[in-house]
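Some notes on the structure that comes next.
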Amino acid sequence: MKHTNPSSPILALLFPILAGLLLHSTPAAAVSVDARQWDITADKMTRYENPARIVAEGNVLLEKKEPVEKRAPKTSSQWSGLLGDDPAPDAAAAKPGEPETEIKTVTTIKADWVAYNISQGTVEAKGHLLIDVGADQLTADSGVLDMEKATGSFNNATVIRQQKDLHFEGDVIEKTGETTYFIEDGWVVTCKLQPGETAPWSFAAAETEITDGGYAYLKHATFRIKDVPVLYSPVMLLPAKRKRQTGFLFPSMFMSDRDGFSMETPFFINLSPSADLTLFPRYFANRGFMSGAEFRYILDSDSQGMLMGNYLDDALSDPSEVEYYQDGQYTHTNSDRYWIRGKADQDIGAWTTRLDIDVASDIDYLREFNTGSSSFSDSQQKFLNIFGRGFTDKTNQYRENTFAALRSWDDGTSLLGEMQAINDLSEATYTADNPSQPWKLPSLTYSGLVPVTGGKGPDFSWDANYTNFWREEGVGSQRLDLLPTVTTGIPLSPYLESYVSGGVRNTAYMIQDNGASDWEDSDSKNRFLYNLGGEIGTTLMRDFTADFGDVNAWSHTLRPYVAYGYTAIPDKELLPRFDVVDDLEEQNTLYYGFNNFFSISGERNGREFEREYAFFKIKQGYDLRSEESDTPLTPVIAETGWYPIERLLFKYTTNVDVYGDGAFYHSIDSSYYSTAGDRFSLDYRYNELTEVNSVKGSAWYLLPYNFAAGYGLERAIEADETIEETIKLRYLQPCWSVELASSSTPGDQTFMLTFRLANIGNPLGFDLPGM
């Protein structure tokens, strides 16, 4: 039976009559109790007049129903799914007039016993109380709820927030809003728990405040493992938020035998739905205060950027700290330590732009700070994941800062504009005759490829480049480089692939000596050259049957070829040297080689597959110039790769001198990753010409009983120096993990114990000093 709100005059007159008509007790009834669409059902309901209320017993169910506008059927547009938006309704299906609505349940209350005060709009409930408002689910022994304000107080209560699996309990929980709470003597955990399960970890507090779209604010908080307190804090913040909001993130704590105790406390600032700023203040007991910041923005999948920076007035960077410099083999003398890095990809109309920033105070900074937000490895991985490109190696003293803008046209032409500044971290003393690296301010390249006859036949291509090489001291130049080329295929045979090309190249220099003695009497230079080239090759392919494992066939592709390169420089002059364009030399060389590619195919689990299995390439040249008649053969370049199983690669490259010096270059690359999460990599480099001899590797293996182990090594073999060595052992659970790690670098060793908690922004970390 339905009636209007008892506060209306009509209901005030009708209520005594209706009450007399009803039985004093109504079993298994369903009644709509007010105009706010609250429906109540129970095994037994009793109604009272003064005050007007309903007492329900046994399987009590209250449901709040509200009219909501019906959504139009979704279209099949894939773009809507990619953008996370609801597709626009079909215009043909839309009807004029009022929007169509439907009644939906927005709040559900269940209990064993409920007293609903109609005039006050309050509910008192006992026994297996459950309140479901969609985003949150509350259970309690008993409680009182204000239906109009969505507030209340509950005893021995639990709230589970579906977003982030937030779970909190308390002796008394006060519901202060739709999804906000105040908790007395309770605890919080951010992972799913089974009924009766003890939380693997939790934060207990005397008082806790949960804010919608905000955080969990805890007073007199303790971090507990299996309900055993291990850490106390008078105030603590947890990211229990359902959306991004300004506030503190979880702190990280460190201790090492070099830096002493340090703590980093990030502060997140939500600037807009598409931009944010995070501050990383960090205190070092032995160094001082380091400031840090990270700014991010994203407009769409092709337009995003991130800028990071750290600064430290370093107390350890003092000449009196002899042990610090000796142990770490550091060479810097500056106490102002900083590193600014960033990248941005931005589409502006038809232009594609890229920005890369890498500015540091000294080369020691990049290898010295290896923990927290200031570390090179953390930043390198973060930018690689987001932008697909990182920074030059941390041992490289020339840090590149570039801006590039590219515009391409449908006719095969493109225009590329670049600016490059070099942050030189070397400690060399530069002079006009021994200058630092030049800057490009700017560089413009116009390129194109068009058919000469408009169809089959020769192609005409060109590269026209203007670069202004700038130095504050030392030779600079404005250089104009023009390279037109004509290329055409030669139909020698249906079984041969062949082409020839020819072009000229003119490079003009307008020179600024800037004090360089070798160029004081020169204001311009010009170099003209012409080149010819060509190649003849053929491709042979054959398929073979096989019977090993799930492989039933393999194929071999063989491509032998002969190539020729000729470059002549009629008038040789001494030129200023800025990049590889200035280092071009004459050549008259015949190259020969062959490439082999192997692939396998078969059937696995009822599905056909085909993949690469191996390759082998080898190449050598014969120099036809008379001055090279005694040693005409160029080094042999060989490269091979093997994919024995999916996701496993071994690759080896070598250069071999055939006149007695033997192999002077070796490169080994290997990597593997499994679908379960195991992975390893091993890279080795040896170059006799550049005196490089180093190895770098890492491994991560999942062990039984939820354990995982990892090892990483970066070592300079020639210098007999370990750059960094790490060992890790991790124990994993569904909503938490604990990791014991050892990190060893020159001058410092650290043992780290780290707790990673589900849905907590930063791991809870403790670093123990090296022994």
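Identifiers in the structure tokens: chain A, B, ... in order shown; residue index from 1 per chain; ligand index from 1 in order shown.
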Surrounding residues of Pro576 of chain A excluding itself and chain neighbours under 2 positions, 10 Å, only C-alpha atoms, as a ChimeraX atom specification: /A:475-477,509,511,513,518-519,525,573-574,578-579,582-583
Selection to disk with N, CA, C and O atoms, as a tab-separated table (two decimals), in the first residue's frame:
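Now in out_2.tsv:
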chain	number	residue	atom	x	y	z
A	475	VAL	N	86.20	27.59	-33.34
A	475	VAL	CA	85.68	27.77	-34.67
A	475	VAL	C	84.21	27.37	-34.77
A	475	VAL	O	83.79	26.36	-34.23
A	476	GLY	N	83.45	28.20	-35.45
A	476	GLY	CA	82.05	27.94	-35.76
A	476	GLY	C	81.82	28.14	-37.24
A	476	GLY	O	82.70	28.63	-37.96
A	477	SER	N	80.64	27.80	-37.70
A	477	SER	CA	80.41	27.93	-39.14
A	477	SER	C	78.92	27.84	-39.44
A	477	SER	O	78.16	27.19	-38.72
A	509	TYR	N	81.00	26.41	-46.48
A	509	TYR	CA	81.19	26.85	-45.10
A	509	TYR	C	81.41	28.36	-45.07
A	509	TYR	O	82.22	28.89	-45.84
A	511	ILE	N	82.81	30.65	-42.24
A	511	ILE	CA	83.54	30.33	-41.02
A	511	ILE	C	83.65	31.56	-40.11
A	511	ILE	O	83.93	32.67	-40.57
A	513	ASP	N	85.99	32.34	-36.86
A	513	ASP	CA	87.12	31.73	-36.15
A	513	ASP	C	86.96	31.80	-34.64
A	513	ASP	O	87.43	30.92	-33.91
A	518	ASP	N	93.96	28.47	-36.22
A	518	ASP	CA	94.03	27.81	-37.52
A	518	ASP	C	93.07	28.42	-38.55
A	518	ASP	O	93.22	28.16	-39.75
A	519	TRP	N	92.10	29.21	-38.09
A	519	TRP	CA	91.08	29.71	-39.01
A	519	TRP	C	91.02	31.24	-39.03
A	519	TRP	O	90.05	31.80	-39.55
A	525	LYS	N	85.00	28.13	-46.90
A	525	LYS	CA	85.57	26.92	-47.50
A	525	LYS	C	84.47	26.26	-48.32
A	525	LYS	O	83.26	26.46	-48.09
A	573	GLU	N	90.61	19.96	-49.32
A	573	GLU	CA	91.00	21.09	-48.48
A	573	GLU	C	90.80	20.72	-47.02
A	573	GLU	O	90.01	19.83	-46.68
A	574	LEU	N	91.52	21.44	-46.18
A	574	LEU	CA	91.32	21.30	-44.74
A	574	LEU	C	90.00	21.96	-44.37
A	574	LEU	O	89.80	23.14	-44.65
A	578	PHE	N	82.84	19.24	-37.63
A	578	PHE	CA	81.74	19.33	-36.68
A	578	PHE	C	81.00	18.00	-36.50
A	578	PHE	O	80.60	17.65	-35.40
A	579	ASP	N	80.80	17.25	-37.63
A	579	ASP	CA	80.12	15.96	-37.54
A	579	ASP	C	80.59	15.08	-38.69
A	579	ASP	O	81.57	15.40	-39.37
A	582	ASP	N	81.58	16.31	-42.34
A	582	ASP	CA	82.89	16.92	-42.59
A	582	ASP	C	83.99	15.87	-42.69
A	582	ASP	O	85.09	16.19	-43.16
A	583	ASP	N	83.73	14.63	-42.28
A	583	ASP	CA	84.76	13.59	-42.26
A	583	ASP	C	84.72	12.69	-43.50
A	583	ASP	O	85.43	11.69	-43.55
Helix (DSSP H, G or I) call set, DSSP backbone run, segment 305-546 of chain A, as number ranges by chain: A: 322-328, 363-368, 372-374, 376-387, 517-519
Separation of atom CA of Leu237 of chain A from atom CA of Phe376 of chain A in Å: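 The value is 28.0 Å.
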Strand (DSSP E or B) residues, from DSSP on the backbone, in segment 359-550 of chain A, as a PyMOL selection string: chain A and resi 359-360+398-408+413-424+439-451+459-470+476-489+497-512+524-537+540-548
Close residues, Ala638 of chain A itself excluded, 8 Å, only C-alpha atoms, min 5 positions apart in chain, as number ranges by chain: A: 616-619, 653-655
Selected residues, all heavy atoms, written as a PDB file, in the first residue's frame, please.
ATOM      1  N   PHE A 616      72.064 -15.025 -40.198  1.00  0.00           N
ATOM      2  CA  PHE A 616      73.512 -14.912 -40.259  1.00  0.00           C
ATOM      3  C   PHE A 616      73.867 -14.008 -41.431  1.00  0.00           C
ATOM      4  O   PHE A 616      73.428 -14.221 -42.559  1.00  0.00           O
ATOM      5  CB  PHE A 616      74.186 -16.280 -40.441  1.00  0.00           C
ATOM      6  CG  PHE A 616      75.681 -16.193 -40.630  1.00  0.00           C
ATOM      7  CD1 PHE A 616      76.499 -15.784 -39.587  1.00  0.00           C
ATOM      8  CD2 PHE A 616      76.262 -16.489 -41.857  1.00  0.00           C
ATOM      9  CE1 PHE A 616      77.877 -15.685 -39.758  1.00  0.00           C
ATOM     10  CE2 PHE A 616      77.635 -16.394 -42.041  1.00  0.00           C
ATOM     11  CZ  PHE A 616      78.447 -15.991 -40.986  1.00  0.00           C
ATOM     12  N   LYS A 617      74.670 -12.959 -41.143  1.00  0.00           N
ATOM     13  CA  LYS A 617      75.067 -11.998 -42.164  1.00  0.00           C
ATOM     14  C   LYS A 617      76.590 -11.839 -42.122  1.00  0.00           C
ATOM     15  O   LYS A 617      77.181 -11.823 -41.040  1.00  0.00           O
ATOM     16  CB  LYS A 617      74.425 -10.626 -41.922  1.00  0.00           C
ATOM     17  CG  LYS A 617      72.909 -10.634 -41.841  1.00  0.00           C
ATOM     18  CD  LYS A 617      72.382  -9.236 -41.509  1.00  0.00           C
ATOM     19  CE  LYS A 617      70.873  -9.230 -41.337  1.00  0.00           C
ATOM     20  NZ  LYS A 617      70.378  -7.864 -40.999  1.00  0.00           N
ATOM     21  N   ILE A 618      77.173 -11.721 -43.295  1.00  0.00           N
ATOM     22  CA  ILE A 618      78.614 -11.498 -43.369  1.00  0.00           C
ATOM     23  C   ILE A 618      78.912 -10.586 -44.550  1.00  0.00           C
ATOM     24  O   ILE A 618      78.252 -10.671 -45.588  1.00  0.00           O
ATOM     25  CB  ILE A 618      79.386 -12.837 -43.478  1.00  0.00           C
ATOM     26  CG1 ILE A 618      80.884 -12.594 -43.310  1.00  0.00           C
ATOM     27  CG2 ILE A 618      79.045 -13.557 -44.763  1.00  0.00           C
ATOM     28  CD1 ILE A 618      81.684 -13.871 -43.103  1.00  0.00           C
ATOM     29  N   LYS A 619      79.897  -9.702 -44.370  1.00  0.00           N
ATOM     30  CA  LYS A 619      80.192  -8.691 -45.392  1.00  0.00           C
ATOM     31  C   LYS A 619      81.673  -8.329 -45.314  1.00  0.00           C
ATOM     32  O   LYS A 619      82.252  -8.259 -44.230  1.00  0.00           O
ATOM     33  CB  LYS A 619      79.328  -7.450 -45.160  1.00  0.00           C
ATOM     34  CG  LYS A 619      79.626  -6.272 -46.049  1.00  0.00           C
ATOM     35  CD  LYS A 619      78.749  -5.085 -45.671  1.00  0.00           C
ATOM     36  CE  LYS A 619      79.066  -3.862 -46.514  1.00  0.00           C
ATOM     37  NZ  LYS A 619      78.227  -2.697 -46.148  1.00  0.00           N
ATOM     38  N   THR A 653      77.892  -9.986 -32.734  1.00  0.00           N
ATOM     39  CA  THR A 653      78.479  -9.219 -33.830  1.00  0.00           C
ATOM     40  C   THR A 653      79.978  -9.105 -33.602  1.00  0.00           C
ATOM     41  O   THR A 653      80.421  -8.896 -32.463  1.00  0.00           O
ATOM     42  CB  THR A 653      77.857  -7.805 -33.909  1.00  0.00           C
ATOM     43  OG1 THR A 653      76.442  -7.922 -34.039  1.00  0.00           O
ATOM     44  CG2 THR A 653      78.399  -7.036 -35.102  1.00  0.00           C
ATOM     45  N   THR A 654      80.746  -9.237 -34.676  1.00  0.00           N
ATOM     46  CA  THR A 654      82.194  -9.099 -34.560  1.00  0.00           C
ATOM     47  C   THR A 654      82.759  -8.436 -35.808  1.00  0.00           C
ATOM     48  O   THR A 654      82.181  -8.542 -36.893  1.00  0.00           O
ATOM     49  CB  THR A 654      82.865 -10.478 -34.360  1.00  0.00           C
ATOM     50  OG1 THR A 654      84.256 -10.288 -34.128  1.00  0.00           O
ATOM     51  CG2 THR A 654      82.667 -11.362 -35.569  1.00  0.00           C
ATOM     52  N   ASN A 655      83.870  -7.736 -35.637  1.00  0.00           N
ATOM     53  CA  ASN A 655      84.658  -7.175 -36.734  1.00  0.00           C
ATOM     54  C   ASN A 655      86.052  -7.791 -36.664  1.00  0.00           C
ATOM     55  O   ASN A 655      86.700  -7.758 -35.614  1.00  0.00           O
ATOM     56  CB  ASN A 655      84.768  -5.650 -36.616  1.00  0.00           C
ATOM     57  CG  ASN A 655      83.427  -4.960 -36.845  1.00  0.00           C
ATOM     58  OD1 ASN A 655      82.419  -5.610 -37.090  1.00  0.00           O
ATOM     59  ND2 ASN A 655      83.421  -3.645 -36.758  1.00  0.00           N
TER      60      ASN A 655
END
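Coordinates place atom CA of Leu166 of chain A at a distance of 19.7 Å from atom CA of Thr108 of chain A.
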Polymer residues at most 10 Å from Phe387 of chain A, only C-alpha atoms, same-chain spacing of 3 or more positions, as a list in words: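 Here the qualifying residues turn out to be Asp302, Gln304, Gly305, Met306, Lys343, Ala344, Asp345, Lys382, Phe383, Leu384 and Gly390 of chain A.
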Output for the residues just chosen: N, CA and C atoms as an mmCIF file, in the first residue's frame:
data_model
loop_
_atom_site.group_PDB
_atom_site.id
_atom_site.type_symbol
_atom_site.label_atom_id
_atom_site.label_comp_id
_atom_site.auth_asym_id
_atom_site.auth_seq_id
_atom_site.Cartn_x
_atom_site.Cartn_y
_atom_site.Cartn_z
ATOM 1 N N ASP A 302 49.219 11.295 -28.668
ATOM 2 C CA ASP A 302 50.365 11.817 -29.417
ATOM 3 C C ASP A 302 50.919 13.115 -28.839
ATOM 4 N N GLN A 304 52.060 14.652 -25.180
ATOM 5 C CA GLN A 304 52.264 14.510 -23.747
ATOM 6 C C GLN A 304 53.681 14.957 -23.400
ATOM 7 N N GLY A 305 53.895 15.248 -22.126
ATOM 8 C CA GLY A 305 55.217 15.693 -21.707
ATOM 9 C C GLY A 305 55.449 15.452 -20.236
ATOM 10 N N MET A 306 56.735 15.389 -19.860
ATOM 11 C CA MET A 306 57.117 15.216 -18.457
ATOM 12 C C MET A 306 58.445 15.925 -18.227
ATOM 13 N N LYS A 343 61.060 15.324 -21.349
ATOM 14 C CA LYS A 343 60.743 15.012 -22.737
ATOM 15 C C LYS A 343 59.304 15.426 -23.014
ATOM 16 N N ALA A 344 59.045 15.746 -24.273
ATOM 17 C CA ALA A 344 57.691 16.100 -24.693
ATOM 18 C C ALA A 344 57.502 15.686 -26.140
ATOM 19 N N ASP A 345 56.362 15.075 -26.417
ATOM 20 C CA ASP A 345 55.920 14.779 -27.773
ATOM 21 C C ASP A 345 54.656 15.593 -28.004
ATOM 22 N N LYS A 382 61.487 5.260 -16.379
ATOM 23 C CA LYS A 382 60.226 5.984 -16.444
ATOM 24 C C LYS A 382 60.029 6.642 -17.810
ATOM 25 N N PHE A 383 61.063 7.306 -18.338
ATOM 26 C CA PHE A 383 60.937 7.975 -19.638
ATOM 27 C C PHE A 383 60.884 6.959 -20.780
ATOM 28 N N LEU A 384 61.594 5.842 -20.652
ATOM 29 C CA LEU A 384 61.510 4.796 -21.671
ATOM 30 C C LEU A 384 60.100 4.238 -21.764
ATOM 31 N N GLY A 390 65.076 7.121 -23.921
ATOM 32 C CA GLY A 390 65.628 7.550 -22.652
ATOM 33 C C GLY A 390 66.716 8.576 -22.846
#
For Trp113 of chain A: contacts at 6 Å, only C-alpha atoms, fewer than 4 positions along chain excluded, given as a PyMOL selection string: chain A and resi 56-57+125-126
Output the selection as a PDB file, in the first residue's frame - N, CA and C atoms for each residue.
ATOM      1  N   ALA A  56      10.221  -3.231  11.282  1.00  0.00           N
ATOM      2  CA  ALA A  56      10.275  -4.427  10.436  1.00  0.00           C
ATOM      3  C   ALA A  56      11.223  -5.439  11.057  1.00  0.00           C
ATOM      4  N   GLU A  57      10.860  -6.725  10.937  1.00  0.00           N
ATOM      5  CA  GLU A  57      11.662  -7.792  11.527  1.00  0.00           C
ATOM      6  C   GLU A  57      11.799  -8.940  10.535  1.00  0.00           C
ATOM      7  N   ALA A 125      18.805   0.235  12.918  1.00  0.00           N
ATOM      8  CA  ALA A 125      18.891  -1.141  12.444  1.00  0.00           C
ATOM      9  C   ALA A 125      19.784  -1.953  13.359  1.00  0.00           C
ATOM     10  N   LYS A 126      19.478  -3.275  13.456  1.00  0.00           N
ATOM     11  CA  LYS A 126      20.263  -4.195  14.271  1.00  0.00           C
ATOM     12  C   LYS A 126      20.357  -5.536  13.565  1.00  0.00           C
TER      13      LYS A 126
END
12 Å contact set for Asn693 of chain A, only C-alpha atoms, chain neighbours under 4 positions out, as a PyMOL selection string: chain A and resi 664-668+683-689+714-721
Residue contacts of Leu682 of chain A (6 Å, only C-alpha atoms) excluding same-chain residues fewer than 6 positions away, as a count of residues only: 4
Counting only C-alpha atoms, which residues of segment 487-606 of chain A fall within 9 Å of segment 448-463 of chain A, and what is the closest atom pair for each with its distance in Å at one decimal, ordered by chain and rising number, as a Markdown table?
| residue | atom | partner | partner_atom | distance |
| --- | --- | --- | --- | --- |
| A:Thr487 | CA | A:Asp459 | CA | 5.3 |
| A:Thr488 | CA | A:Pro458 | CA | 4.2 |
| A:Gly489 | CA | A:Pro458 | CA | 7.2 |
Given only C-alpha atoms as the counted atoms, nearest of A:Ser524, A:Ser498, A:Asn531, A:Gln420 to Glu585 of chain A: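 Residue with the minimum atom-to-atom distance to Glu585 of chain A: A:Asn531.
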